[in-house]
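Source file: model_35.tsv; contents: TSV, C-alpha atoms.
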```tsv
chain	number	residue	atom	x	y	z
A	1274	MET	CA	5.49	-4.43	1.52
A	1275	ASN	CA	7.28	-6.32	4.23
A	1276	ASN	CA	10.63	-4.62	3.68
A	1277	ASP	CA	9.19	-1.12	3.47
A	1278	LYS	CA	8.15	-0.43	7.02
A	1279	SER	CA	11.65	0.26	8.26
A	1280	PHE	CA	11.76	3.10	5.74
A	1281	LYS	CA	8.20	4.38	6.06
A	1282	ASN	CA	9.19	7.13	8.46
A	1283	ALA	CA	12.13	9.42	7.78
A	1284	TRP	CA	12.82	10.70	11.27
A	1285	VAL	CA	16.27	10.22	12.80
A	1286	LYS	CA	16.76	8.60	16.20
A	1287	SER	CA	19.54	10.13	18.26
A	1288	PHE	CA	21.71	8.17	20.65
A	1289	ALA	CA	21.01	10.68	23.40
A	1290	VAL	CA	17.25	10.17	23.21
A	1291	VAL	CA	17.61	6.39	23.28
A	1292	THR	CA	20.00	6.58	26.23
A	1293	LEU	CA	17.55	8.68	28.24
A	1294	ALA	CA	14.69	6.38	27.27
A	1295	VAL	CA	16.53	3.27	28.43
A	1296	GLY	CA	16.97	4.88	31.80
A	1297	ALA	CA	13.25	5.57	31.93
A	1298	LEU	CA	12.46	1.91	31.25
A	1299	ALA	CA	13.92	0.53	34.44
A	1300	GLN	CA	10.56	-0.56	35.86
A	1301	VAL	CA	7.93	-1.25	33.23
A	1302	ASP	CA	7.08	-4.96	33.50
A	1303	ALA	CA	3.68	-4.39	35.12
A	1304	PRO	CA	1.10	-1.61	34.81
A	1305	VAL	CA	1.66	1.15	37.33
A	1306	MET	CA	-1.20	1.27	39.84
A	1307	ALA	CA	-1.62	4.66	41.45
A	1308	GLN	CA	-3.58	5.17	44.66
A	1309	ASP	CA	-6.67	6.11	42.65
A	1310	GLU	CA	-6.32	2.79	40.76
A	1311	THR	CA	-5.28	4.45	37.53
A	1312	ILE	CA	-3.37	2.10	35.26
A	1313	THR	CA	-0.48	3.71	33.42
A	1314	LEU	CA	0.91	1.90	30.37
A	1315	ARG	CA	3.99	2.76	28.33
A	1316	MET	CA	3.58	2.15	24.60
A	1317	GLN	CA	5.75	2.66	21.53
A	1318	ARG	CA	4.51	2.93	17.96
A	1319	TYR	CA	6.64	2.67	14.82
A	1320	THR	CA	5.33	5.91	13.26
A	1321	GLY	CA	6.61	9.46	13.64
A	1322	THR	CA	5.38	12.97	14.39
A	1323	GLU	CA	3.04	13.00	11.39
A	1324	GLU	CA	0.66	10.71	13.29
A	1325	ASP	CA	0.70	12.39	16.70
A	1326	LYS	CA	-2.91	13.53	16.34
A	1327	ILE	CA	-4.40	10.17	15.45
A	1328	PHE	CA	-2.62	8.43	18.34
A	1329	GLN	CA	-3.65	11.17	20.75
A	1330	ARG	CA	-7.22	10.27	19.84
A	1331	TYR	CA	-6.51	6.70	20.99
A	1332	VAL	CA	-5.12	7.94	24.31
A	1333	ASP	CA	-8.10	10.23	24.83
A	1334	LYS	CA	-10.66	7.55	23.98
A	1335	LEU	CA	-9.10	5.08	26.43
A	1336	SER	CA	-9.15	7.67	29.17
A	1337	GLU	CA	-12.71	8.71	28.42
A	1338	ALA	CA	-14.09	5.15	28.21
A	1339	SER	CA	-12.38	4.16	31.48
A	1340	ASP	CA	-13.37	7.32	33.40
A	1341	GLY	CA	-9.73	8.25	33.59
A	1342	ARG	CA	-8.56	4.88	34.95
A	1343	ILE	CA	-6.42	4.05	31.89
A	1344	LYS	CA	-3.52	6.30	30.97
A	1345	VAL	CA	-1.30	5.43	28.04
A	1346	ASN	CA	1.97	7.23	27.37
A	1347	ILE	CA	2.77	6.73	23.70
A	1348	PHE	CA	6.30	7.18	22.33
A	1349	ARG	CA	7.09	7.65	18.65
A	1350	GLY	CA	9.07	5.24	16.52
A	1351	GLY	CA	12.56	4.62	17.86
A	1352	GLU	CA	12.22	6.85	20.91
A	1353	LEU	CA	12.58	4.01	23.41
A	1354	VAL	CA	13.92	1.13	21.32
A	1355	PRO	CA	14.60	0.74	17.58
A	1356	ASN	CA	11.45	-0.26	15.72
A	1357	ASP	CA	12.81	-3.66	14.70
A	1358	GLN	CA	13.43	-4.44	18.38
A	1359	MET	CA	9.97	-3.50	19.66
A	1360	PHE	CA	8.63	-7.05	19.69
A	1361	GLY	CA	11.54	-8.38	21.70
A	1362	ALA	CA	11.24	-5.46	24.10
A	1363	LEU	CA	7.53	-6.17	24.51
A	1364	ARG	CA	8.10	-9.85	25.26
A	1365	SER	CA	10.77	-9.06	27.86
A	1366	GLY	CA	8.60	-6.43	29.55
A	1367	THR	CA	10.80	-3.51	28.57
A	1368	LEU	CA	7.74	-2.20	26.71
A	1369	GLN	CA	4.21	-2.83	27.92
A	1370	MET	CA	2.36	-2.09	24.67
A	1371	ILE	CA	3.31	-1.56	21.06
A	1372	TYR	CA	1.65	-0.45	17.86
A	1373	GLY	CA	3.54	-2.64	15.44
A	1374	TYR	CA	3.83	-4.42	12.13
A	1375	GLY	CA	4.64	-8.12	11.89
A	1376	GLY	CA	7.17	-7.57	9.11
A	1377	TYR	CA	9.52	-6.15	11.73
A	1378	TRP	CA	9.71	-9.48	13.59
A	1379	GLY	CA	9.37	-11.95	10.73
A	1380	GLY	CA	12.50	-13.73	11.92
A	1381	GLN	CA	11.13	-14.13	15.44
A	1382	MET	CA	7.62	-15.40	14.78
A	1383	ASP	CA	6.43	-17.94	12.21
A	1384	THR	CA	3.18	-16.18	11.27
A	1385	ALA	CA	4.38	-12.57	11.36
A	1386	ILE	CA	4.98	-12.12	7.63
A	1387	THR	CA	1.69	-13.79	6.75
A	1388	GLU	CA	-0.11	-11.51	9.19
A	1389	SER	CA	1.45	-8.36	7.74
A	1390	GLY	CA	0.40	-9.20	4.18
A	1391	LEU	CA	1.41	-11.62	1.40
A	1392	PRO	CA	0.78	-10.88	-2.29
A	1393	LEU	CA	-2.80	-11.84	-3.27
A	1394	ALA	CA	-3.61	-13.13	0.24
A	1395	TRP	CA	-6.66	-10.84	0.34
A	1396	THR	CA	-7.80	-8.30	-2.22
A	1397	ASP	CA	-10.37	-6.17	-0.40
A	1398	LEU	CA	-11.33	-5.18	3.12
A	1399	GLU	CA	-14.24	-7.60	3.24
A	1400	GLU	CA	-11.94	-10.54	2.44
A	1401	ALA	CA	-9.47	-9.47	5.10
A	1402	LYS	CA	-12.20	-9.13	7.74
A	1403	GLU	CA	-13.68	-12.48	6.76
A	1404	LEU	CA	-10.29	-14.11	7.07
A	1405	TRP	CA	-9.70	-12.68	10.55
A	1406	ASN	CA	-13.19	-12.87	11.98
A	1407	GLU	CA	-14.89	-15.83	10.29
A	1408	ARG	CA	-12.21	-18.15	8.95
A	1409	GLY	CA	-10.12	-18.21	12.10
A	1410	LEU	CA	-6.96	-16.27	11.29
A	1411	GLY	CA	-7.53	-13.77	14.11
A	1412	GLU	CA	-7.91	-16.56	16.66
A	1413	LEU	CA	-4.89	-18.40	15.29
A	1414	LEU	CA	-2.74	-15.27	15.55
A	1415	ALA	CA	-4.00	-14.52	19.08
A	1416	ASN	CA	-3.11	-18.03	20.21
A	1417	ASN	CA	0.29	-17.87	18.55
A	1418	TYR	CA	1.10	-14.53	20.17
A	1419	GLU	CA	-0.05	-15.84	23.54
A	1420	LYS	CA	2.50	-18.65	23.31
A	1421	MET	CA	5.13	-15.93	23.02
A	1422	GLY	CA	3.90	-14.04	26.07
A	1423	VAL	CA	1.97	-11.40	24.14
A	1424	HIS	CA	-1.72	-10.45	24.08
A	1425	TYR	CA	-3.06	-9.69	20.59
A	1426	THR	CA	-5.90	-7.17	20.52
A	1427	VAL	CA	-7.17	-6.50	16.99
A	1428	PRO	CA	-5.80	-6.09	13.46
A	1429	VAL	CA	-5.35	-2.56	12.18
A	1430	PHE	CA	-5.99	-2.67	8.44
A	1431	GLY	CA	-3.90	-0.26	6.40
A	1432	GLY	CA	-4.24	1.51	3.08
A	1433	LYS	CA	-3.57	0.84	-0.59
A	1434	PHE	CA	-0.67	-0.97	-2.26
A	1435	ASP	CA	-0.58	-0.31	-5.97
A	1436	LEU	CA	1.60	0.73	-8.91
A	1437	LEU	CA	2.76	4.25	-9.73
A	1438	SER	CA	4.35	4.59	-13.17
A	1439	LYS	CA	5.53	7.18	-15.64
A	1440	GLU	CA	3.50	5.60	-18.47
A	1441	PRO	CA	0.07	3.93	-18.35
A	1442	VAL	CA	0.01	0.26	-17.30
A	1443	GLU	CA	-3.21	-1.70	-17.81
A	1444	SER	CA	-1.98	-5.30	-18.05
A	1445	LEU	CA	0.79	-7.60	-16.90
A	1446	GLU	CA	2.06	-7.59	-20.48
A	1447	GLU	CA	2.47	-3.80	-20.38
A	1448	MET	CA	4.13	-4.06	-16.98
A	1449	SER	CA	6.66	-6.51	-18.42
A	1450	GLU	CA	7.92	-3.66	-20.61
A	1451	ARG	CA	8.80	-1.59	-17.54
A	1452	LYS	CA	11.39	-1.79	-14.79
A	1453	ILE	CA	9.52	-1.82	-11.50
A	1454	ARG	CA	10.65	-1.27	-7.95
A	1455	ALA	CA	9.12	-4.00	-5.73
A	1456	THR	CA	9.72	-5.80	-2.46
A	1457	PRO	CA	11.11	-9.36	-2.69
A	1458	SER	CA	7.76	-11.12	-2.16
A	1459	VAL	CA	6.07	-9.01	-4.84
A	1460	ALA	CA	9.05	-9.41	-7.16
A	1461	ALA	CA	8.78	-13.20	-6.81
A	1462	VAL	CA	5.29	-12.95	-8.31
A	1463	LEU	CA	5.93	-10.37	-11.02
A	1464	GLU	CA	9.11	-11.96	-12.32
A	1465	LYS	CA	7.04	-14.96	-13.42
A	1466	PHE	CA	5.43	-12.64	-15.95
A	1467	GLY	CA	8.71	-11.28	-17.26
A	1468	VAL	CA	8.57	-8.08	-15.21
A	1469	SER	CA	12.02	-6.70	-14.43
A	1470	THR	CA	12.18	-5.69	-10.76
A	1471	VAL	CA	14.62	-4.06	-8.41
A	1472	TYR	CA	14.45	-3.14	-4.74
A	1473	ILE	CA	15.35	0.37	-3.61
A	1474	PRO	CA	14.38	2.14	-0.37
A	1475	PRO	CA	11.76	4.92	-0.37
A	1476	GLN	CA	14.25	7.73	0.14
A	1477	GLU	CA	15.64	6.93	-3.33
A	1478	PHE	CA	12.28	6.83	-5.16
A	1479	TYR	CA	12.27	10.41	-6.41
A	1480	ILE	CA	15.74	10.29	-7.92
A	1481	ALA	CA	15.23	6.81	-9.37
A	1482	LEU	CA	12.04	7.86	-11.14
A	1483	SER	CA	13.33	11.22	-12.30
A	1484	THR	CA	16.49	9.69	-13.79
A	1485	ASN	CA	14.60	6.77	-15.38
A	1486	ALA	CA	16.49	4.23	-13.29
A	1487	ILE	CA	13.02	2.75	-12.76
A	1488	ASP	CA	9.79	3.19	-14.71
A	1489	GLY	CA	7.47	2.62	-11.78
A	1490	LEU	CA	7.16	1.35	-8.24
A	1491	ILE	CA	4.83	-0.60	-5.97
A	1492	TYR	CA	4.81	0.92	-2.52
A	1493	GLY	CA	1.50	2.35	-1.33
A	1494	GLY	CA	-1.51	4.40	-2.38
A	1495	PRO	CA	-2.12	7.84	-3.89
A	1496	TYR	CA	-1.66	9.48	-0.50
A	1497	ASP	CA	1.76	7.85	0.03
A	1498	TYR	CA	2.94	8.86	-3.44
A	1499	SER	CA	1.66	12.39	-3.00
A	1500	VAL	CA	3.38	12.79	0.38
A	1501	LEU	CA	6.65	11.73	-1.26
A	1502	LYS	CA	5.94	14.27	-4.06
A	1503	LEU	CA	6.27	11.54	-6.67
A	1504	ASN	CA	3.26	12.98	-8.49
A	1505	GLU	CA	5.66	15.65	-9.76
A	1506	ILE	CA	7.30	13.06	-12.04
A	1507	ALA	CA	4.81	10.18	-12.35
A	1508	THR	CA	1.02	10.41	-12.50
A	1509	ASP	CA	-0.20	7.05	-13.81
A	1510	TYR	CA	-1.63	4.95	-10.98
A	1511	THR	CA	-2.70	1.33	-11.56
A	1512	ASN	CA	-4.99	-0.60	-9.21
A	1513	LEU	CA	-3.28	-3.98	-9.08
A	1514	ASN	CA	-5.78	-5.81	-6.85
A	1515	MET	CA	-2.71	-7.53	-5.46
A	1516	LEU	CA	-3.23	-6.79	-1.78
A	1517	TYR	CA	-5.80	-4.62	-0.08
A	1518	PRO	CA	-5.48	-3.64	2.70
A	1519	GLY	CA	-1.87	-3.34	1.65
A	1520	PHE	CA	-0.58	-4.02	5.15
A	1521	VAL	CA	-1.96	-5.04	8.53
A	1522	ASP	CA	-0.67	-3.55	11.78
A	1523	ASN	CA	-1.54	-4.55	15.33
A	1524	VAL	CA	-1.75	-3.37	18.93
A	1525	LEU	CA	0.01	-5.83	21.25
A	1526	ILE	CA	0.29	-5.94	25.05
A	1527	ASN	CA	2.72	-7.86	27.23
A	1528	LYS	CA	0.76	-10.89	28.54
A	1529	ARG	CA	1.96	-10.52	32.14
A	1530	VAL	CA	0.80	-6.92	32.07
A	1531	TRP	CA	-2.52	-7.84	30.45
A	1532	ASP	CA	-3.27	-10.49	33.09
A	1533	LYS	CA	-2.84	-7.91	35.88
A	1534	ILE	CA	-5.36	-5.50	34.38
A	1535	PRO	CA	-8.90	-5.79	35.85
A	1536	GLU	CA	-11.38	-7.48	33.53
A	1537	ASP	CA	-13.54	-4.40	33.11
A	1538	LEU	CA	-10.54	-2.40	31.92
A	1539	GLN	CA	-9.45	-5.24	29.64
A	1540	ASN	CA	-12.86	-4.91	27.99
A	1541	VAL	CA	-12.38	-1.16	27.67
A	1542	ILE	CA	-9.01	-1.62	25.99
A	1543	THR	CA	-10.39	-4.23	23.58
A	1544	ASP	CA	-13.46	-2.17	22.60
A	1545	VAL	CA	-11.64	1.15	22.26
A	1546	THR	CA	-8.81	-0.40	20.27
A	1547	ALA	CA	-11.28	-2.00	17.86
A	1548	GLU	CA	-13.11	1.31	17.35
A	1549	TRP	CA	-9.85	3.18	16.90
A	1550	ALA	CA	-8.56	0.59	14.40
A	1551	ASP	CA	-11.68	1.13	12.25
A	1552	TYR	CA	-11.22	4.89	12.53
A	1553	ARG	CA	-7.58	4.63	11.52
A	1554	HIS	CA	-8.42	2.55	8.45
A	1555	GLN	CA	-11.08	5.05	7.44
A	1556	LYS	CA	-8.49	7.82	7.59
A	1557	PHE	CA	-6.36	5.87	5.12
A	1558	VAL	CA	-9.40	5.66	2.84
A	1559	GLU	CA	-10.07	9.40	3.10
A	1560	TRP	CA	-6.44	10.36	2.54
A	1561	ASN	CA	-6.19	8.19	-0.58
A	1562	GLU	CA	-9.49	9.42	-2.01
A	1563	ALA	CA	-8.39	13.02	-1.56
A	1564	ALA	CA	-5.08	12.35	-3.31
A	1565	GLU	CA	-6.52	10.38	-6.26
A	1566	GLU	CA	-7.30	13.56	-8.22
A	1567	GLU	CA	-3.56	14.07	-8.66
A	1568	PHE	CA	-3.26	10.86	-10.72
A	1569	THR	CA	-4.71	9.13	-13.78
A	1570	ILE	CA	-6.22	5.88	-12.54
A	1571	HIS	CA	-5.91	2.56	-14.40
A	1572	SER	CA	-6.73	-1.05	-13.51
A	1573	LEU	CA	-5.53	-4.53	-14.40
A	1574	PRO	CA	-8.14	-6.96	-15.78
A	1575	ASP	CA	-9.60	-9.59	-13.45
A	1576	SER	CA	-7.88	-12.32	-15.44
A	1577	ASP	CA	-4.50	-10.88	-14.47
A	1578	GLN	CA	-5.46	-11.05	-10.80
A	1579	LYS	CA	-6.15	-14.79	-11.14
A	1580	ARG	CA	-2.83	-15.29	-12.91
A	1581	MET	CA	-1.00	-13.44	-10.15
A	1582	THR	CA	-2.75	-15.50	-7.48
A	1583	GLU	CA	-1.49	-18.68	-9.11
A	1584	ALA	CA	1.99	-17.20	-9.32
A	1585	ALA	CA	1.88	-16.22	-5.64
A	1586	GLN	CA	1.60	-19.85	-4.54
A	1587	SER	CA	5.35	-20.25	-4.27
A	1588	VAL	CA	5.48	-17.27	-1.89
A	1589	TRP	CA	2.64	-18.70	0.20
A	1590	ASP	CA	4.27	-22.14	0.25
A	1591	ALA	CA	7.54	-20.67	1.54
A	1592	GLU	CA	5.66	-19.17	4.50
A	1593	ALA	CA	3.76	-22.41	5.13
A	1594	GLU	CA	7.02	-24.30	5.50
A	1595	LYS	CA	7.94	-22.32	8.63
A	1596	SER	CA	5.74	-24.36	10.99
A	1597	ASP	CA	2.47	-26.26	11.32
A	1598	THR	CA	0.85	-23.06	12.60
A	1599	ALA	CA	2.10	-21.10	9.62
A	1600	ALA	CA	0.83	-23.85	7.30
A	1601	GLU	CA	-2.59	-23.64	8.95
A	1602	ALA	CA	-2.71	-19.88	8.37
A	1603	ILE	CA	-1.75	-20.28	4.72
A	1604	GLU	CA	-4.40	-22.95	4.23
A	1605	MET	CA	-7.03	-20.49	5.48
A	1606	ILE	CA	-5.81	-17.95	2.94
A	1607	ARG	CA	-5.66	-20.51	0.14
A	1608	GLN	CA	-9.16	-21.84	0.83
A	1609	MET	CA	-10.59	-18.33	0.80
A	1610	ALA	CA	-8.91	-17.59	-2.53
A	1611	LYS	CA	-10.54	-20.73	-3.94
A	1612	ASP	CA	-13.93	-19.85	-2.52
A	1613	LYS	CA	-13.70	-16.35	-4.03
A	1614	GLY	CA	-12.82	-17.77	-7.45
A	1615	ARG	CA	-9.30	-16.36	-7.52
A	1616	LEU	CA	-7.64	-19.76	-7.35
A	1617	GLU	CA	-8.50	-23.12	-8.92
```

The structure in this file should be written as structure tokens.
Amino acid sequence: MNNDKSFKNAWVKSFAVVTLAVGALAQVDAPVMAQDETITLRMQRYTGTEEDKIFQRYVDKLSEASDGRIKVNIFRGGELVPNDQMFGALRSGTLQMIYGYGGYWGGQMDTAITESGLPLAWTDLEEAKELWNERGLGELLANNYEKMGVHYTVPVFGGKFDLLSKEPVESLEEMSERKIRATPSVAAVLEKFGVSTVYIPPQEFYIALSTNAIDGLIYGGPYDYSVLKLNEIATDYTNLNMLYPGFVDNVLINKRVWDKIPEDLQNVITDVTAEWADYRHQKFVEWNEAAEEEFTIHSLPDSDQKRMTEAAQSVWDAEAEKSDTAAEAIEMIRQMAKDKGRLE
């Protein structure tokens, strides 16, 4: 879903707000140390007002765990800089922290797209955690970010990424009879099975489905489809086992800023961020479970998952060609797929 994040949130950014924000960013390279030794950090996330509550929990937990010594001011998507410029702003010191998604800076960092999620790279939460924590991907990403002047905290695993269709789909053969909206990386896999694909942005989903311009789409989970009110026109949901978690976000901190934070508060930030990331993922789980009752659930057979994994190798190889580091990350993913029996 690498091309979807820029459309995930429908809010509009006004020039006036950005102009005021730029003025407010004149001095943000280092954490602000008040006389009581409180550290104030300015952070931007890519999400909008719908997630104010969950991010306020993060702010509150940091303050509580640090006895009030850490204060984070979080700005919504686009309020300070456009979302696709957050990473550059973080590296320059214009932003001190960001809640981001590697797909936004795929052209600036060789492992960003791999980090955010490639088709069939992992198929359940346990695989993703094993890849990050045991097979070395988390350490590789942290080292790669550090080379770019950025401190990587923890991955934030997202929600589902499956098929919504107007008619039941329970095999790749049945999918080949439909016209499916998909991102380019997913399309590269599905087209090998004769599936006709097209890319359209989320704001066009409802009209495209209702006018039969498309028969289905791969975008998110039951919660995402329900929020977009697509359940009014399509109620067949197919678990693809193509990518779960369907995306991986992150919390990043400017390295110069990080190095100036006392070690005890660095530990607070790391621990609280890890706890909050788990909490955030669990909310995705709860939201999707609550929305499932609005759909008829189907699944592809395990044999189709293996076929798709083989087909995804060209997508993986394209990422591996970006650099030796990218190739190392892909090799971790490929070896895990072999160990799990998804790849010969």

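Note that atom CA of A:Ile1386 and atom CA of A:Glu1592 are 7.7 Å apart.
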
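For A:Gln1578, the list of residues within 8 Å, based on all atoms listed in the file and with local chain neighbours fewer than 4 positions off taken out, reads A:Leu1513, A:Asn1514, A:Met1515, A:Leu1573, A:Pro1574, A:Thr1582, A:Arg1615.
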
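When all atoms listed in the file are used to compute distances to A:Phe1520, the closest of the residues A:Ala1385, A:Ala1507, A:Ile1542, A:Val1429 turns out to be A:Val1429.
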
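Of the residues listed (A:Ser1587, A:Asn1512, A:Thr1384, A:Asn1485), A:Thr1384 shows the shortest atom-to-atom separation from A:Leu1410; distances use only C-alpha atoms.
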
Within 12 Å of stretch 1552-1572 of chain A, which residues of stretch 1304-1333 of chain A come that close, and what is the closest atom pair and distance in Å for each? Count only C-alpha atoms and give it as a tab-separated table.
```
residue	atom	partner	partner_atom	distance
A:Glu1324	CA	A:Arg1553	CA	10.4
A:Lys1326	CA	A:Arg1553	CA	11.1
A:Ile1327	CA	A:Arg1553	CA	7.5
A:Phe1328	CA	A:Arg1553	CA	9.2
A:Gln1329	CA	A:Arg1553	CA	12.0
A:Arg1330	CA	A:Tyr1552	CA	9.9
A:Tyr1331	CA	A:Arg1553	CA	9.8
```

Generate the output file for the selected residues, C-alpha atoms, as a tab-separated table (two decimals), keeping the file's coordinate frame.
```tsv
chain	number	residue	atom	x	y	z
A	1324	GLU	CA	0.66	10.71	13.29
A	1326	LYS	CA	-2.91	13.53	16.34
A	1327	ILE	CA	-4.40	10.17	15.45
A	1328	PHE	CA	-2.62	8.43	18.34
A	1329	GLN	CA	-3.65	11.17	20.75
A	1330	ARG	CA	-7.22	10.27	19.84
A	1331	TYR	CA	-6.51	6.70	20.99
```

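Once A:Ser1483 and its same-chain neighbours fewer than 6 positions away are set aside, Lys1439, Leu1503, Glu1505, Ile1506 and Ala1507 of chain A remain within 10 Å of it when counting all atoms listed in the file.
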
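Remark: for A:Thr1543, the closest of the candidate residues A:Asn1504, A:Thr1367, A:Thr1322, A:Thr1426 is A:Thr1426 (distances computed over only C-alpha atoms).
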
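A straight line drawn from atom CA of A:Val1345 to atom CA of A:Leu1314 is 4.8 Å long.
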
Name all residues at most 9 Å from A:Thr1396 (count only C-alpha atoms; drop same-chain ones fewer than 5 positions away) and give them as a PDB file with C-alpha atoms, in the coordinates of the input.
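Contents of part.pdb, freshly written:
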```
ATOM      1  CA  ALA A1401      -9.470  -9.470   5.100  1.00  0.00           C
ATOM      2  CA  ASN A1514      -5.780  -5.810  -6.850  1.00  0.00           C
ATOM      3  CA  MET A1515      -2.710  -7.530  -5.460  1.00  0.00           C
ATOM      4  CA  LEU A1516      -3.230  -6.790  -1.780  1.00  0.00           C
ATOM      5  CA  TYR A1517      -5.800  -4.620  -0.080  1.00  0.00           C
ATOM      6  CA  PRO A1518      -5.480  -3.640   2.700  1.00  0.00           C
ATOM      7  CA  GLY A1519      -1.870  -3.340   1.650  1.00  0.00           C
TER       8      GLY A1519
END
```

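Taking atom CA of A:Leu1398 and atom CA of A:Phe1430 as the two end points, the separation is 7.9 Å.
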
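Using only C-alpha atoms, the nearest neighbour of A:Thr1320 within the list A:Asp1597, A:Glu1419, A:Asp1488, A:Asp1522 is A:Asp1522.
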
Handout entry: Spatial neighbours of A:Val1468, 12 Å, all atoms listed in the file, chain gap at least 6 places, as a VMD selection string
Key = chain A and resid 1444 to 1455 1459 to 1462 1487 to 1490

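Of the listed residues (A:Arg1364, A:Gly1411, A:Ile1491, A:Val1423), A:Gly1411 comes nearest to A:Thr1387; the distances count all atoms listed in the file.
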
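For the choices A:Asp1575, A:Trp1549, A:Ile1480, A:Met1421, the atom-to-atom distance to A:Ser1365 is smallest for A:Met1421 when using all atoms listed in the file.
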
Practice task
Considering only C-alpha atoms, return as a PyMOL selection string whatever protein or nucleic-acid residues lie within 8 Å of A:Tyr1374, sequence-local ones (same chain, fewer than 5 positions apart) excluded.
Solution key: chain A and resi 1278+1389+1521-1523
